[in-house]
Amino acid sequence: MSLAPSLSTERLQKLLPARRGIVRPALDFEQQRRGSGVAGTVLLLVGLLACGWVMVRFVAVSRELASPPIPAAAVRVAPPQALSKATAQRAEQAAAVVARLAMPWDDWFRQVEGAAKGKVVLTALQPEADGRRVRIAGEARRFEDLVEAMMRLEASPGFANVFLNEHAEAATGGISFVLSADWVGGP
């Protein structure tokens, strides 16, 4: 004899809530595989063609970036006699711009900043049109600091003929100055 009360099916149905409106899902784990159809195949081909085109463009751009740049010296201007005076002037101006852009700016700035290290602050750098002369403005705490910076700039391999053009007492208590120097390094 069992101690648990016996539950009849009728009594159990009364205890459980009514199951009206509940639909039993049809679970079929062994469905038949349908074909991908024409649309799926077309989309796959279009995707593969797009990937191929991107790969071709990638290789072309990579080769272009790997090739050495054209030096500014290789750019030639037509002879002046073949051009009008206005066109010749514009061509000369364009050649000057190309020459300025072809300067080794990294070296140039590295040497100027190396000379100014310490107690000298540069406030302006003005390369002239031909790119071979520069005006450097700045401030130094003492005149001796300015002279040391000038000597470092003169001793650098890229600059020569360093001259002090003007100097005055700065509002900050130091010395403001303007130097000029010739750029002898680079192209």
# chains A, B, ... in the order shown; residues from 1 in each chain; ligands from 1

$ residues_around --residues "A:Gly174" --least-positions-apart "2" --cutoff "7 Å" --atoms "only C-alpha atoms" --output "list of chain:residue names"
A:Glu139, A:Ala140, A:Arg141, A:Arg142, A:Glu169, A:Ala170, A:Thr172, A:Ser176

$ closest_residue --among "A:Ser67, A:Ser62, A:Ser180, A:Gln111" --to "A:Glu128" --atoms "only C-alpha atoms"
A:Ser180

$ select_by_dssp --residues "stretch 107-148 of chain A" --states "helix (DSSP H, G or I)" --output "list of chain:residue names"
A:Asp107, A:Trp108, A:Phe109, A:Arg110, A:Gln111, A:Val112, A:Glu113, A:Gly114, A:Ala115, A:Phe143, A:Glu144, A:Asp145, A:Leu146, A:Val147, A:Glu148

$ residues_around --residues "A:Arg110" --least-positions-apart "6" --cutoff "12 Å" --atoms "only C-alpha atoms" --output "ChimeraX atom specification"
/A:104,116-117,153,156-159

$ write_last_selection --atoms "C-alpha atoms" --output "CSV table (one decimal), in the first residue's frame"
chain,number,residue,atom,x,y,z
A,104,PRO,CA,63.7,67.0,-48.2
A,116,ALA,CA,67.2,75.1,-31.6
A,117,LYS,CA,67.2,72.5,-28.8
A,153,LEU,CA,72.8,75.4,-37.2
A,156,SER,CA,74.8,71.1,-39.3
A,157,PRO,CA,75.4,69.5,-42.7
A,158,GLY,CA,72.4,71.1,-44.4
A,159,PHE,CA,72.9,74.8,-43.6

$ residues_around --residues "A:Thr123" --least-positions-apart "3" --cutoff "8 Å" --atoms "only C-alpha atoms" --output "list in words"
Ile136, Ala137, Gly138 and Glu139 of chain A

$ residues_around --residues "A:Met150" --least-positions-apart "5" --cutoff "9 Å" --atoms "only C-alpha atoms" --output "PyMOL selection string"
chain A and resi 115-116+145+155+162-164+179

$ atom_distance --atom1 "atom CA of A:Val121" --atom2 "atom CA of A:Asn161"
20.5 Å

$ closest_residue --among "A:Cys51, A:Ile175, A:Val184, A:Val147" --to "A:Ala160" --atoms "only C-alpha atoms"
A:Val184

$ atom_distance --atom1 "atom CA of A:Asn165" --atom2 "atom CA of A:Val178"
5.5 Å

$ atom_distance --atom1 "atom CA of A:Met55" --atom2 "atom CA of A:Pro69"
23.3 Å
